[in-house]
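Peer 1: File name query_29.pdb; file contents PDB, N, CA and C atoms; full text below.
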ATOM      1  N   MET A 209       1.728   7.538 -14.166
ATOM      2  CA  MET A 209       1.370   7.668 -12.783
ATOM      3  C   MET A 209       0.277   6.667 -12.414
ATOM      4  N   GLU A 210      -0.649   6.435 -13.332
ATOM      5  CA  GLU A 210      -1.731   5.494 -13.048
ATOM      6  C   GLU A 210      -1.188   4.090 -12.775
ATOM      7  N   TYR A 211      -0.216   3.671 -13.567
ATOM      8  CA  TYR A 211       0.354   2.335 -13.382
ATOM      9  C   TYR A 211       1.100   2.238 -12.055
ATOM     10  N   HIS A 212       1.805   3.289 -11.723
ATOM     11  CA  HIS A 212       2.547   3.307 -10.464
ATOM     12  C   HIS A 212       1.570   3.191  -9.288
ATOM     13  N   PHE A 213       0.479   3.950  -9.352
ATOM     14  CA  PHE A 213      -0.511   3.905  -8.287
ATOM     15  C   PHE A 213      -1.103   2.502  -8.161
ATOM     16  N   GLU A 214      -1.442   1.881  -9.261
ATOM     17  CA  GLU A 214      -2.002   0.529  -9.236
ATOM     18  C   GLU A 214      -1.007  -0.470  -8.643
ATOM     19  N   PHE A 215       0.252  -0.314  -8.993
ATOM     20  CA  PHE A 215       1.297  -1.193  -8.466
ATOM     21  C   PHE A 215       1.385  -1.068  -6.946
ATOM     22  N   VAL A 216       1.422   0.147  -6.460
ATOM     23  CA  VAL A 216       1.525   0.383  -5.017
ATOM     24  C   VAL A 216       0.283  -0.134  -4.304
ATOM     25  N   LYS A 217      -0.882   0.139  -4.862
ATOM     26  CA  LYS A 217      -2.135  -0.305  -4.249
ATOM     27  C   LYS A 217      -2.180  -1.831  -4.168
ATOM     28  N   ALA A 218      -1.787  -2.504  -5.234
ATOM     29  CA  ALA A 218      -1.792  -3.966  -5.239
ATOM     30  C   ALA A 218      -0.831  -4.523  -4.192
ATOM     31  N   GLY A 219       0.310  -3.904  -4.062
ATOM     32  CA  GLY A 219       1.280  -4.345  -3.066
ATOM     33  C   GLY A 219       0.778  -4.166  -1.649
ATOM     34  N   TYR A 220       0.173  -3.029  -1.397
ATOM     35  CA  TYR A 220      -0.368  -2.754  -0.066
ATOM     36  C   TYR A 220      -1.414  -3.803   0.303
ATOM     37  N   PHE A 221      -2.340  -4.081  -0.621
ATOM     38  CA  PHE A 221      -3.389  -5.050  -0.323
ATOM     39  C   PHE A 221      -2.829  -6.465  -0.212
ATOM     40  N   ALA A 222      -1.821  -6.805  -0.981
ATOM     41  CA  ALA A 222      -1.221  -8.138  -0.892
ATOM     42  C   ALA A 222      -0.556  -8.343   0.469
ATOM     43  N   VAL A 223       0.157  -7.339   0.938
ATOM     44  CA  VAL A 223       0.810  -7.435   2.248
ATOM     45  C   VAL A 223      -0.236  -7.540   3.350
ATOM     46  N   THR A 224      -1.272  -6.730   3.268
ATOM     47  CA  THR A 224      -2.331  -6.761   4.278
ATOM     48  C   THR A 224      -3.047  -8.110   4.278
ATOM     49  N   ARG A 225      -3.322  -8.628   3.093
ATOM     50  CA  ARG A 225      -3.998  -9.931   2.989
ATOM     51  C   ARG A 225      -3.143 -11.038   3.595
ATOM     52  N   LYS A 226      -1.862 -11.044   3.273
ATOM     53  CA  LYS A 226      -0.962 -12.074   3.814
ATOM     54  C   LYS A 226      -0.894 -11.978   5.334
ATOM     55  N   TRP A 227      -0.819 -10.753   5.835
ATOM     56  CA  TRP A 227      -0.774 -10.544   7.283
ATOM     57  C   TRP A 227      -2.025 -11.131   7.938
ATOM     58  N   LEU A 228      -3.189 -10.883   7.346
ATOM     59  CA  LEU A 228      -4.435 -11.423   7.884
ATOM     60  C   LEU A 228      -4.478 -12.944   7.781
ATOM     61  N   LEU A 229      -4.052 -13.497   6.639
ATOM     62  CA  LEU A 229      -4.053 -14.956   6.461
ATOM     63  C   LEU A 229      -3.135 -15.665   7.442
ATOM     64  N   TYR A 230      -2.034 -14.995   7.822
ATOM     65  CA  TYR A 230      -1.089 -15.599   8.771
ATOM     66  C   TYR A 230      -1.516 -15.392  10.221
ATOM     67  N   GLY A 231      -2.688 -14.805  10.423
ATOM     68  CA  GLY A 231      -3.185 -14.646  11.782
ATOM     69  C   GLY A 231      -2.675 -13.407  12.485
ATOM     70  N   CYS A 232      -2.220 -12.421  11.729
ATOM     71  CA  CYS A 232      -1.769 -11.136  12.278
ATOM     72  C   CYS A 232      -0.654 -11.288  13.319
ATOM     73  N   PRO A 233       0.456 -11.970  12.966
ATOM     74  CA  PRO A 233       1.518 -12.186  13.949
ATOM     75  C   PRO A 233       2.192 -10.884  14.395
ATOM     76  N   GLU A 234       2.246  -9.898  13.515
ATOM     77  CA  GLU A 234       2.788  -8.601  13.899
ATOM     78  C   GLU A 234       1.647  -7.723  14.414
ATOM     79  N   THR A 235       1.991  -6.803  15.277
ATOM     80  CA  THR A 235       0.975  -5.868  15.748
ATOM     81  C   THR A 235       0.610  -4.920  14.605
ATOM     82  N   PRO A 236      -0.542  -4.278  14.682
ATOM     83  CA  PRO A 236      -0.889  -3.285  13.666
ATOM     84  C   PRO A 236       0.174  -2.182  13.556
ATOM     85  N   GLU A 237       0.766  -1.815  14.673
ATOM     86  CA  GLU A 237       1.816  -0.789  14.657
ATOM     87  C   GLU A 237       3.049  -1.267  13.893
ATOM     88  N   GLU A 238       3.415  -2.549  14.084
ATOM     89  CA  GLU A 238       4.556  -3.106  13.344
ATOM     90  C   GLU A 238       4.259  -3.148  11.849
ATOM     91  N   MET A 239       3.036  -3.538  11.503
ATOM     92  CA  MET A 239       2.666  -3.571  10.083
ATOM     93  C   MET A 239       2.681  -2.177   9.477
ATOM     94  N   ALA A 240       2.216  -1.192  10.230
ATOM     95  CA  ALA A 240       2.240   0.186   9.738
ATOM     96  C   ALA A 240       3.671   0.618   9.447
ATOM     97  N   LYS A 241       4.604   0.238  10.313
ATOM     98  CA  LYS A 241       6.021   0.584  10.081
ATOM     99  C   LYS A 241       6.562  -0.106   8.829
ATOM    100  N   ILE A 242       6.210  -1.379   8.658
ATOM    101  CA  ILE A 242       6.666  -2.126   7.481
ATOM    102  C   ILE A 242       6.143  -1.468   6.203
ATOM    103  N   ILE A 243       4.861  -1.147   6.196
ATOM    104  CA  ILE A 243       4.262  -0.525   5.013
ATOM    105  C   ILE A 243       4.844   0.863   4.790
ATOM    106  N   LYS A 244       5.025   1.611   5.854
ATOM    107  CA  LYS A 244       5.587   2.966   5.719
ATOM    108  C   LYS A 244       6.999   2.916   5.150
ATOM    109  N   ARG A 245       7.810   1.951   5.592
ATOM    110  CA  ARG A 245       9.167   1.808   5.040
ATOM    111  C   ARG A 245       9.106   1.485   3.554
ATOM    112  N   SER A 246       8.143   0.663   3.164
ATOM    113  CA  SER A 246       7.989   0.319   1.753
ATOM    114  C   SER A 246       7.562   1.519   0.928
ATOM    115  N   MET A 247       6.739   2.366   1.498
ATOM    116  CA  MET A 247       6.234   3.535   0.792
ATOM    117  C   MET A 247       7.324   4.595   0.609
ATOM    118  N   ALA A 248       8.412   4.491   1.347
ATOM    119  CA  ALA A 248       9.494   5.483   1.236
ATOM    120  C   ALA A 248      10.086   5.509  -0.169
ATOM    121  N   ALA A 249       9.918   4.428  -0.919
ATOM    122  CA  ALA A 249      10.464   4.364  -2.276
ATOM    123  C   ALA A 249       9.604   5.107  -3.290
ATOM    124  N   ILE A 250       8.450   5.579  -2.885
ATOM    125  CA  ILE A 250       7.558   6.291  -3.798
ATOM    126  C   ILE A 250       8.021   7.739  -3.911
ATOM    127  N   PRO A 251       8.217   8.226  -5.112
ATOM    128  CA  PRO A 251       8.664   9.615  -5.283
ATOM    129  C   PRO A 251       7.656  10.610  -4.711
ATOM    130  N   ASP A 252       8.177  11.667  -4.100
ATOM    131  CA  ASP A 252       7.326  12.697  -3.512
ATOM    132  C   ASP A 252       6.673  13.589  -4.551
ATOM    133  N   ASP A 253       7.220  13.620  -5.762
ATOM    134  CA  ASP A 253       6.733  14.573  -6.757
ATOM    135  C   ASP A 253       5.681  13.995  -7.705
ATOM    136  N   LEU A 254       5.049  12.874  -7.337
ATOM    137  CA  LEU A 254       3.989  12.330  -8.179
ATOM    138  C   LEU A 254       2.776  13.257  -8.127
ATOM    139  N   PRO A 255       2.076  13.402  -9.231
ATOM    140  CA  PRO A 255       0.866  14.225  -9.202
ATOM    141  C   PRO A 255      -0.221  13.549  -8.374
ATOM    142  N   PRO A 256      -1.195  14.304  -7.874
ATOM    143  CA  PRO A 256      -2.257  13.699  -7.071
ATOM    144  C   PRO A 256      -3.075  12.694  -7.881
ATOM    145  N   VAL A 257      -3.632  11.730  -7.193
ATOM    146  CA  VAL A 257      -4.443  10.698  -7.825
ATOM    147  C   VAL A 257      -5.869  11.241  -7.991
ATOM    148  N   PRO A 258      -6.430  11.155  -9.195
ATOM    149  CA  PRO A 258      -7.809  11.629  -9.403
ATOM    150  C   PRO A 258      -8.813  10.823  -8.572
ATOM    151  N   ASP A 259      -9.874  11.467  -8.163
ATOM    152  CA  ASP A 259     -10.894  10.827  -7.327
ATOM    153  C   ASP A 259     -11.508   9.588  -7.963
ATOM    154  N   GLU A 260     -11.610   9.553  -9.301
ATOM    155  CA  GLU A 260     -12.259   8.406  -9.943
ATOM    156  C   GLU A 260     -11.502   7.096  -9.735
ATOM    157  N   PHE A 261     -10.252   7.143  -9.284
ATOM    158  CA  PHE A 261      -9.493   5.920  -9.011
ATOM    159  C   PHE A 261      -9.948   5.244  -7.738
ATOM    160  N   PHE A 262     -10.680   5.953  -6.908
ATOM    161  CA  PHE A 262     -11.127   5.411  -5.625
ATOM    162  C   PHE A 262     -12.551   4.889  -5.686
ATOM    163  N   ILE A 263     -13.131   4.836  -6.862
ATOM    164  CA  ILE A 263     -14.516   4.365  -7.007
ATOM    165  C   ILE A 263     -14.520   2.891  -7.321
TER     166      ILE A 263
END
As structure tokens, what does this structure read like?
Peer 2:
Amino acid sequence: MEYHFEFVKAGYFAVTRKWLLYGCPETPEEMAKIIKRSMAAIPDDLPPVPDEFFI
């Protein structure tokens, strides 16, 4: 689960960084939809992420 979380987190930040570097051509709402569609592939039954991962 830890590796999966790191993978998803890295992807989210990479997409956000690219969006910012390109001058934010999509609206924040469009980006939210893109990210949300990508997150649909994450299984719903993953255990919760421990708080120490956010430090």
Peer 1: What is the distance, in Å and to one decimal place, between atom N of A:Pro233 and atom N of A:His212?
Peer 2: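 Atom N of A:His212 lies 29.1 Å from atom N of A:Pro233.
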Peer 1: Please report, as a PyMOL selection string, each residue of chain A to which DSSP assigns alpha helix (DSSP H) when run on this structure's backbone.
Peer 2: chain A and resi 210-229+236-247
Peer 1: Please identify all polymer residues within 10 Å of stretch 217-220 of chain A, counting only C-alpha atoms, omitting same-chain residues fewer than 6 positions from it, and present them as a PyMOL selection string.
Peer 2: chain A and resi 211+243+246-247
Peer 1: Just how far from atom C of A:Lys244 is atom N of A:Val216, in Å to one decimal?
Peer 2: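 Separation of atom N of A:Val216 and atom C of A:Lys244: 13.2 Å.
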Peer 1: State, in Å with one decimal place, the distance from atom CA of A:Glu260 to atom CA of A:Thr224.
Peer 2: 23.0 Å
